[in-house]
>>> print(open('run_27.csv').read())   # CSV, C-alpha atoms
chain,number,residue,atom,x,y,z
A,1,MET,CA,41.3,-16.3,64.0
A,2,SER,CA,43.5,-16.0,66.9
A,3,GLU,CA,42.9,-18.5,69.6
A,4,LYS,CA,44.9,-16.6,72.1
A,5,LYS,CA,42.6,-15.2,74.8
A,6,GLN,CA,43.1,-11.9,76.4
A,7,GLN,CA,43.2,-12.5,80.1
A,8,VAL,CA,41.9,-9.9,82.5
A,9,SER,CA,43.4,-9.8,85.9
A,10,ARG,CA,41.4,-9.3,89.0
A,11,ARG,CA,43.0,-5.9,89.5
A,12,GLN,CA,41.9,-4.8,86.0
A,13,PHE,CA,38.4,-6.2,86.5
A,14,LEU,CA,37.9,-4.3,89.7
A,15,ASN,CA,39.4,-1.2,88.2
A,16,TYR,CA,37.0,-1.3,85.2
A,17,THR,CA,34.0,-2.2,87.4
A,18,LEU,CA,34.7,0.5,90.0
A,19,THR,CA,35.3,3.1,87.3
A,20,GLY,CA,32.0,2.2,85.5
A,21,VAL,CA,30.0,2.2,88.8
A,22,GLY,CA,31.6,5.5,89.9
A,23,GLY,CA,30.8,7.1,86.5
A,24,PHE,CA,27.2,6.1,86.8
A,25,MET,CA,27.0,7.5,90.4
A,26,ALA,CA,28.6,10.8,89.3
A,27,ALA,CA,26.2,11.1,86.4
A,28,GLY,CA,23.3,10.4,88.7
A,29,MET,CA,24.4,13.1,91.1
A,30,LEU,CA,25.3,15.7,88.5
A,31,MET,CA,22.2,15.3,86.3
A,32,PRO,CA,19.8,17.0,88.7
A,33,MET,CA,22.2,19.9,89.3
A,34,VAL,CA,22.7,20.4,85.5
A,35,ARG,CA,19.0,20.3,85.0
A,36,MET,CA,18.4,22.8,87.7
A,37,ALA,CA,20.8,25.2,86.1
A,38,VAL,CA,19.7,24.7,82.5
A,39,ASP,CA,15.9,24.3,82.9
A,40,PRO,CA,15.0,28.0,83.6
A,41,VAL,CA,17.1,29.0,80.6
A,42,LEU,CA,15.2,26.6,78.3
A,43,LYS,CA,11.7,27.6,79.5
A,44,GLU,CA,9.7,30.1,77.4
A,45,SER,CA,9.6,33.5,79.0
A,46,GLY,CA,6.4,35.4,79.5
A,47,HIS,CA,8.6,38.5,79.8
A,48,GLY,CA,7.8,41.4,77.4
A,49,GLY,CA,4.1,40.8,76.9
A,50,LEU,CA,1.6,43.7,76.9
A,51,THR,CA,-1.0,43.9,79.7
A,52,ASN,CA,-4.4,45.5,79.6
A,53,VAL,CA,-4.3,48.3,82.1
A,54,SER,CA,-8.1,48.7,82.1
A,55,LEU,CA,-8.0,52.2,80.7
A,56,ALA,CA,-10.1,53.1,77.7
A,57,VAL,CA,-8.4,55.4,75.2
A,58,GLU,CA,-11.4,57.8,75.3
A,59,ASP,CA,-10.7,58.3,79.0
A,60,ILE,CA,-7.2,59.5,78.5
A,61,THR,CA,-6.9,63.3,78.7
A,62,THR,CA,-4.1,65.8,78.3
A,63,GLU,CA,-3.6,65.9,82.1
A,64,PRO,CA,-1.3,63.1,83.2
A,65,GLN,CA,-3.1,60.5,85.3
A,66,ARG,CA,-1.5,57.7,87.3
A,67,ILE,CA,-2.7,54.2,86.6
A,68,ASP,CA,-1.8,51.1,88.5
A,69,TRP,CA,-2.0,47.5,87.3
A,70,LYS,CA,-0.7,44.1,88.3
A,71,ILE,CA,1.3,41.5,86.3
A,72,ASP,CA,2.3,37.9,87.1
A,73,GLN,CA,6.0,37.6,87.4
A,74,VAL,CA,8.1,34.4,87.6
A,75,ASP,CA,11.5,34.4,89.2
A,76,GLY,CA,13.0,30.9,88.7
A,77,TRP,CA,10.3,28.8,90.4
A,78,TYR,CA,8.7,31.6,92.4
A,79,GLU,CA,5.6,33.2,91.0
A,80,SER,CA,4.3,36.5,92.3
A,81,GLU,CA,1.9,39.3,91.4
A,82,VAL,CA,3.7,42.6,91.0
A,83,SER,CA,2.2,46.1,90.9
A,84,ARG,CA,3.2,48.5,88.2
A,85,SER,CA,2.4,52.2,87.7
A,86,ALA,CA,2.6,54.7,84.9
A,87,TRP,CA,1.7,58.3,84.1
A,88,VAL,CA,-0.5,58.3,81.1
A,89,PHE,CA,-1.8,61.2,79.0
A,90,LYS,CA,-2.2,62.5,75.5
A,91,ASP,CA,0.4,65.0,74.2
A,92,GLU,CA,-0.3,68.1,72.0
A,93,ASN,CA,-0.2,65.8,68.9
A,94,ASP,CA,-3.0,63.6,70.4
A,95,GLU,CA,-0.5,60.7,70.9
A,96,ILE,CA,-0.7,58.6,74.0
A,97,GLN,CA,2.4,59.0,76.3
A,98,ALA,CA,3.0,56.5,79.1
A,99,PHE,CA,6.0,57.3,81.4
A,100,SER,CA,7.5,55.3,84.2
A,101,PRO,CA,7.0,57.0,87.6
A,102,ILE,CA,10.5,56.0,88.7
A,103,CYS,CA,13.0,58.8,88.9
A,104,LYS,CA,16.3,58.3,87.0
A,105,HIS,CA,18.3,59.8,89.8
A,106,LEU,CA,17.9,57.3,92.7
A,107,GLY,CA,14.7,55.5,91.9
A,108,CYS,CA,12.2,57.4,94.0
A,109,VAL,CA,8.6,57.9,92.7
A,110,VAL,CA,7.8,61.0,90.8
A,111,SER,CA,4.4,62.7,90.9
A,112,TRP,CA,2.6,65.1,88.6
A,113,GLU,CA,2.6,68.7,90.0
A,114,GLY,CA,4.0,67.3,93.2
A,115,ASN,CA,5.3,70.8,94.2
A,116,GLU,CA,3.4,74.1,94.0
A,117,SER,CA,6.6,75.9,92.9
A,118,TYR,CA,6.8,73.8,89.7
A,119,PRO,CA,3.4,73.5,88.1
A,120,ASN,CA,3.0,71.3,85.0
A,121,GLU,CA,6.1,69.3,85.8
A,122,PHE,CA,6.8,65.8,87.2
A,123,PHE,CA,8.5,66.3,90.6
A,124,CYS,CA,10.6,63.8,92.6
A,125,PRO,CA,10.5,64.8,96.3
A,126,CYS,CA,13.6,62.8,97.3
A,127,HIS,CA,16.2,65.3,95.9
A,128,ASN,CA,14.0,67.9,94.1
A,129,GLY,CA,14.3,66.2,90.8
A,130,ARG,CA,12.1,67.7,88.0
A,131,TYR,CA,10.9,66.6,84.6
A,132,TYR,CA,9.0,68.5,81.9
A,133,LYS,CA,5.6,67.1,80.8
A,134,SER,CA,7.4,65.5,77.9
A,135,GLY,CA,9.4,63.4,80.4
A,136,GLU,CA,12.7,65.2,79.7
A,137,ASN,CA,14.7,66.0,82.7
A,138,VAL,CA,15.1,69.7,83.7
A,139,PRO,CA,18.7,70.8,83.3
A,140,GLY,CA,20.4,71.6,86.6
A,141,THR,CA,18.3,69.1,88.6
A,142,PRO,CA,19.6,65.7,89.9
A,143,PRO,CA,18.1,63.4,87.3
A,144,LEU,CA,20.6,63.0,84.4
A,145,ALA,CA,18.2,61.1,82.0
A,146,PRO,CA,14.5,61.4,81.0
A,147,LEU,CA,11.8,59.2,82.4
A,148,ASP,CA,11.5,55.7,80.9
A,149,VAL,CA,8.7,55.1,78.4
A,150,TYR,CA,6.4,52.1,78.5
A,151,GLU,CA,5.9,50.0,75.4
A,152,GLN,CA,2.2,50.5,74.4
A,153,GLU,CA,-0.5,49.3,72.1
A,154,VAL,CA,-4.1,50.1,71.6
A,155,ARG,CA,-6.5,47.2,71.0
A,156,ASP,CA,-10.2,47.5,70.8
A,157,GLY,CA,-10.2,50.9,72.4
A,158,MET,CA,-8.2,49.8,75.4
A,159,LEU,CA,-4.6,50.6,76.4
A,160,PHE,CA,-2.1,47.8,76.8
A,161,LEU,CA,1.3,48.5,78.4
A,162,GLY,CA,4.5,46.4,78.4
A,163,ASP,CA,7.9,47.0,79.8
A,164,ALA,CA,9.4,50.4,80.5
A,165,VAL,CA,12.4,51.1,78.2
A,166,PRO,CA,14.9,53.9,78.4
A,167,ARG,CA,14.1,56.9,76.2
A,168,GLU,CA,17.0,56.2,73.8
A,169,GLU,CA,15.5,52.7,73.0
A,170,ALA,CA,11.9,53.9,72.8
>>> encode(input="run_27.csv", output="structure tokens")
Amino acid sequence: MSEKKQQVSRRQFLNYTLTGVGGFMAAGMLMPMVRMAVDPVLKESGHGGLTNVSLAVEDITTEPQRIDWKIDQVDGWYESEVSRSAWVFKDENDEIQAFSPICKHLGCVVSWEGNESYPNEFFCPCHNGRYYKSGENVPGTPPLAPLDVYEQEVRDGMLFLGDAVPREEA
């Protein structure tokens, strides 16, 4: 074995010590920031779940009816209760349709038969946007896309609605 000792000068000792202490301090300061940025990404999201809208399937008619319900929404660390709405009815094939009431032109709220001049149509009063009962936009009116469709499921005779998805994805 070598009996020659490696001598560490005071300057090297202070350099190693300050570098080590500085590294621990930097890690201590960065760790909360990294956790704050990464933690919401790693949390399980409640997004996309279906919610009971308290509407029995037997109560759904061929006439569109507006239903409102509330969901719990989490934005980062802020939790809130958000209201949602939908136009729900049965089409000529006796299938349940659930449309978003948000106009695809500028985001105003559409109503069923909202204008006497256009019966049996969804009408947006902001810019005279019109949609057929099927949710398709009327050509020549401001909306360029059909109304979004809600994800839906029937369980135990009750209607459950999820997120509104554009017509192409439905």
>>> closest_residue(input="run_27.csv", among="A:Val53, A:Ala86, A:Ala27, A:Val138", to="Ala98 of chain A", atoms="all atoms listed in the file")
A:Ala86
>>> atom_distance(input="run_27.csv", atom1="atom CA of Glu95 of chain A", atom2="atom CA of Gln73 of chain A")
29.1 Å
>>> atom_distance(input="run_27.csv", atom1="atom CA of Leu161 of chain A", atom2="atom CA of Thr51 of chain A")
5.3 Å
>>> residues_around(input="run_27.csv", residues="Gly107 of chain A", least_positions_apart="3", cutoff="12 Å", atoms="all atoms listed in the file", output="number ranges by chain")
A: 100-104, 110, 124-127, 129, 142-143, 145, 147-148
>>> write_last_selection(input="run_27.csv", atoms="C-alpha atoms", output="compact mmCIF listing (two decimals), in the coordinates of the input")
# COMPACT_ATOMS: atom_id res chain seq x y z
CA SER A 100 7.50 55.30 84.20
CA PRO A 101 7.00 57.00 87.60
CA ILE A 102 10.50 56.00 88.70
CA CYS A 103 13.00 58.80 88.90
CA LYS A 104 16.30 58.30 87.00
CA VAL A 110 7.80 61.00 90.80
CA CYS A 124 10.60 63.80 92.60
CA PRO A 125 10.50 64.80 96.30
CA CYS A 126 13.60 62.80 97.30
CA HIS A 127 16.20 65.30 95.90
CA GLY A 129 14.30 66.20 90.80
CA PRO A 142 19.60 65.70 89.90
CA PRO A 143 18.10 63.40 87.30
CA ALA A 145 18.20 61.10 82.00
CA LEU A 147 11.80 59.20 82.40
CA ASP A 148 11.50 55.70 80.90
>>> atom_distance(input="run_27.csv", atom1="atom CA of Lys90 of chain A", atom2="atom CA of Lys133 of chain A")
10.5 Å
